[in-house]
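Take a look at the structure set out below.
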Amino acid sequence: MNEKSTRELVEILGKTHLSEFESYCNENKESMNLSEEAFSIYMKGLLAEKRIKQQTVFLKADIPERYGYKLLSGEKHTKQRDIILRICYAAELSLEETQRALKKYGMPELYAKNPRDVLLMIIFNERPGSIIDVNELLIKNKMAPLRTSGVQE
């Protein structure tokens with residue numbers, strides 16, 4: 001993936017003329033937040049990098065395969081952050097990669113002042129097992145488990 005940091009983009013912008021706007025957007029598409037497309041490009045790039053098949057991710061995330069493909073392609077959109085967290089965890093994303101994926105999907109990142117988010121951040125860092133194990137840890141700590149895709153919004 002050729003994703004550039006914000007600092008790199010700002011540096012390029014300093015040398016970009018108004019007439020170059022369109023070419024700037026095309027050349028830096030992977031680095032920009034372009035609605036669902038940004039999430040799709042980001043996730044597909046990470047999965048290719050990690051050599052993980054989408055089908056494997058959906059099985060590990062315990063979400064219907066067809067629904068998962070539609071989410072990753074941008075054909076469907078969910079308002080359930082837990083679904084995206086399931087996909088990120090099943091795709092073996094790091095905490096940093098997960099935060100970026102949430103942001104690119106247009107969802108709030110995990111927040112260090114929210115107890116459930118704190119536990120999820122630790123879980124992403126330590127990788128204690130499957131989604132079932134994650135949910136058991138959440139329940140054990142009197143928190144809601146990661147929701148399934150039963151209600152597809």
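Chain lettering (A, B, ...) mirrors the order of the structure tokens, residue numbering begins at 1 for each chain separately, and ligand numbering begins at 1 in order of display.
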Task: Neighbour list for region 59-67 of chain A as an MDAnalysis selection string, cut-off 8 Å, only C-alpha atoms, skip fewer than 3 positions in-chain - done: chainID A and resid 55:56 70:71 76 83 86:87 89:90 130:131 148:149
Those same residues - C-alpha atoms - I'd like them written as a compact mmCIF listing (two decimals), in the first residue's frame.
```txt
# COMPACT_ATOMS: atom_id res chain seq x y z
CA GLN A 55 -13.63 -15.58 3.36
CA THR A 56 -11.39 -16.56 6.30
CA LYS A 70 -20.80 -6.24 0.64
CA LEU A 71 -19.34 -4.32 3.60
CA LYS A 76 -23.57 -2.09 2.11
CA ILE A 83 -19.29 -5.44 13.11
CA ARG A 86 -15.19 -8.09 14.47
CA ILE A 87 -13.79 -7.83 10.94
CA TYR A 89 -10.03 -8.55 14.90
CA ALA A 90 -10.58 -11.51 12.58
CA SER A 130 -11.14 -16.03 18.85
CA ILE A 131 -14.15 -13.68 18.73
CA THR A 148 -23.35 -9.93 15.66
CA SER A 149 -24.69 -8.92 12.30
```
Open item on the list: Please extract the residues of chain A with a backbone DSSP assignment of helix (DSSP H, G or I) and present them as a VMD selection string.
Closed with: chain A and resid 6 to 13 18 to 27 29 to 31 35 to 50 54 to 61 65 to 73 81 to 90 95 to 105 115 to 126 131 to 140
Output of the above residues as an mmCIF file, in the first residue's frame, restricted to C-alpha atoms:
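Output saved as selection_26.cif:
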```cif
data_model
loop_
_atom_site.group_PDB
_atom_site.id
_atom_site.type_symbol
_atom_site.label_atom_id
_atom_site.label_comp_id
_atom_site.auth_asym_id
_atom_site.auth_seq_id
_atom_site.Cartn_x
_atom_site.Cartn_y
_atom_site.Cartn_z
ATOM 1 C CA THR A 6 -0.869 13.558 6.751
ATOM 2 C CA ARG A 7 2.492 15.292 7.051
ATOM 3 C CA GLU A 8 3.563 13.982 3.617
ATOM 4 C CA LEU A 9 0.266 15.088 2.071
ATOM 5 C CA VAL A 10 0.567 18.574 3.554
ATOM 6 C CA GLU A 11 4.101 18.833 2.171
ATOM 7 C CA ILE A 12 2.876 17.848 -1.307
ATOM 8 C CA LEU A 13 -0.043 20.280 -1.020
ATOM 9 C CA LEU A 18 -5.172 24.779 -8.075
ATOM 10 C CA SER A 19 -4.997 23.366 -11.611
ATOM 11 C CA GLU A 20 -3.452 20.173 -10.171
ATOM 12 C CA PHE A 21 -6.299 19.413 -7.729
ATOM 13 C CA GLU A 22 -7.759 16.546 -9.749
ATOM 14 C CA SER A 23 -4.410 14.851 -10.368
ATOM 15 C CA TYR A 24 -3.505 15.299 -6.668
ATOM 16 C CA CYS A 25 -6.715 13.492 -5.661
ATOM 17 C CA ASN A 26 -6.104 10.670 -8.158
ATOM 18 C CA GLU A 27 -2.458 10.206 -7.158
ATOM 19 C CA LYS A 29 -6.532 8.288 -3.462
ATOM 20 C CA GLU A 30 -5.193 5.576 -1.118
ATOM 21 C CA SER A 31 -4.248 8.181 1.481
ATOM 22 C CA SER A 35 -16.208 7.510 2.166
ATOM 23 C CA GLU A 36 -16.596 3.716 1.986
ATOM 24 C CA GLU A 37 -14.000 3.510 -0.781
ATOM 25 C CA ALA A 38 -11.208 4.461 1.649
ATOM 26 C CA PHE A 39 -12.156 1.621 4.008
ATOM 27 C CA SER A 40 -12.429 -0.869 1.157
ATOM 28 C CA ILE A 41 -9.052 0.053 -0.341
ATOM 29 C CA TYR A 42 -7.410 0.032 3.095
ATOM 30 C CA MET A 43 -8.824 -3.332 4.175
ATOM 31 C CA LYS A 44 -8.175 -5.091 0.858
ATOM 32 C CA GLY A 45 -4.597 -3.800 0.921
ATOM 33 C CA LEU A 46 -4.029 -5.028 4.480
ATOM 34 C CA LEU A 47 -5.552 -8.428 3.759
ATOM 35 C CA ALA A 48 -3.316 -8.830 0.697
ATOM 36 C CA GLU A 49 -0.289 -7.735 2.738
ATOM 37 C CA LYS A 50 -1.137 -10.220 5.490
ATOM 38 C CA GLN A 54 -11.680 -12.354 2.933
ATOM 39 C CA GLN A 55 -13.632 -15.584 3.357
ATOM 40 C CA THR A 56 -11.394 -16.565 6.299
ATOM 41 C CA VAL A 57 -11.960 -13.177 7.915
ATOM 42 C CA PHE A 58 -15.740 -13.479 7.672
ATOM 43 C CA LEU A 59 -15.677 -16.998 9.130
ATOM 44 C CA LYS A 60 -13.460 -15.898 12.045
ATOM 45 C CA ALA A 61 -15.562 -12.754 12.558
ATOM 46 C CA GLU A 65 -19.959 -14.144 4.042
ATOM 47 C CA ARG A 66 -22.194 -12.309 1.559
ATOM 48 C CA TYR A 67 -22.764 -9.509 4.055
ATOM 49 C CA GLY A 68 -19.030 -9.258 4.730
ATOM 50 C CA TYR A 69 -18.198 -8.985 1.037
ATOM 51 C CA LYS A 70 -20.803 -6.243 0.641
ATOM 52 C CA LEU A 71 -19.336 -4.322 3.595
ATOM 53 C CA LEU A 72 -15.796 -4.551 2.244
ATOM 54 C CA SER A 73 -16.858 -3.546 -1.256
ATOM 55 C CA ARG A 81 -19.120 -0.377 15.069
ATOM 56 C CA ASP A 82 -18.969 -3.882 16.581
ATOM 57 C CA ILE A 83 -19.287 -5.439 13.108
ATOM 58 C CA ILE A 84 -16.250 -3.487 11.891
ATOM 59 C CA LEU A 85 -14.384 -4.412 15.087
ATOM 60 C CA ARG A 86 -15.186 -8.089 14.469
ATOM 61 C CA ILE A 87 -13.790 -7.830 10.943
ATOM 62 C CA CYS A 88 -10.666 -6.024 12.144
ATOM 63 C CA TYR A 89 -10.025 -8.551 14.897
ATOM 64 C CA ALA A 90 -10.584 -11.511 12.583
ATOM 65 C CA LEU A 95 -4.761 -1.676 17.392
ATOM 66 C CA GLU A 96 -3.276 1.083 15.228
ATOM 67 C CA GLU A 97 -4.578 -0.542 12.024
ATOM 68 C CA THR A 98 -7.998 -0.997 13.648
ATOM 69 C CA GLN A 99 -8.165 2.658 14.693
ATOM 70 C CA ARG A 100 -7.340 3.684 11.124
ATOM 71 C CA ALA A 101 -9.942 1.257 9.698
ATOM 72 C CA LEU A 102 -12.639 2.656 12.002
ATOM 73 C CA LYS A 103 -11.724 6.192 10.990
ATOM 74 C CA LYS A 104 -11.788 5.330 7.284
ATOM 75 C CA TYR A 105 -15.208 3.705 7.752
ATOM 76 C CA PRO A 115 -14.064 1.279 29.826
ATOM 77 C CA ARG A 116 -15.396 -1.085 27.116
ATOM 78 C CA ASP A 117 -13.169 0.543 24.510
ATOM 79 C CA VAL A 118 -10.202 0.303 26.896
ATOM 80 C CA LEU A 119 -10.753 -3.432 27.289
ATOM 81 C CA LEU A 120 -11.078 -3.799 23.502
ATOM 82 C CA MET A 121 -7.831 -1.857 23.018
ATOM 83 C CA ILE A 122 -6.040 -4.242 25.378
ATOM 84 C CA ILE A 123 -7.638 -7.199 23.568
ATOM 85 C CA PHE A 124 -6.385 -5.915 20.195
ATOM 86 C CA ASN A 125 -2.902 -5.573 21.677
ATOM 87 C CA GLU A 126 -2.829 -8.982 23.369
ATOM 88 C CA ILE A 131 -14.145 -13.685 18.733
ATOM 89 C CA ILE A 132 -15.812 -16.080 21.192
ATOM 90 C CA ASP A 133 -12.914 -15.548 23.615
ATOM 91 C CA VAL A 134 -13.175 -11.779 23.132
ATOM 92 C CA ASN A 135 -16.890 -11.850 23.936
ATOM 93 C CA GLU A 136 -16.280 -14.035 27.000
ATOM 94 C CA LEU A 137 -13.773 -11.466 28.282
ATOM 95 C CA LEU A 138 -16.239 -8.630 27.698
ATOM 96 C CA ILE A 139 -19.056 -10.504 29.465
ATOM 97 C CA LYS A 140 -16.728 -11.508 32.322
#
```
Task: Separation of CA of Arg127 (chain A) from CA of Ser94 (chain A), in Å and rounded to one decimal - done: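 Distance between the two atoms: 9.1 Å.
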Open item on the list: Between A:Met143, A:Glu3, A:Thr78, A:Pro128, which residue has the minimum interatomic distance to Asn114 (chain A), considering only C-alpha atoms?
Closed with: A:Met143
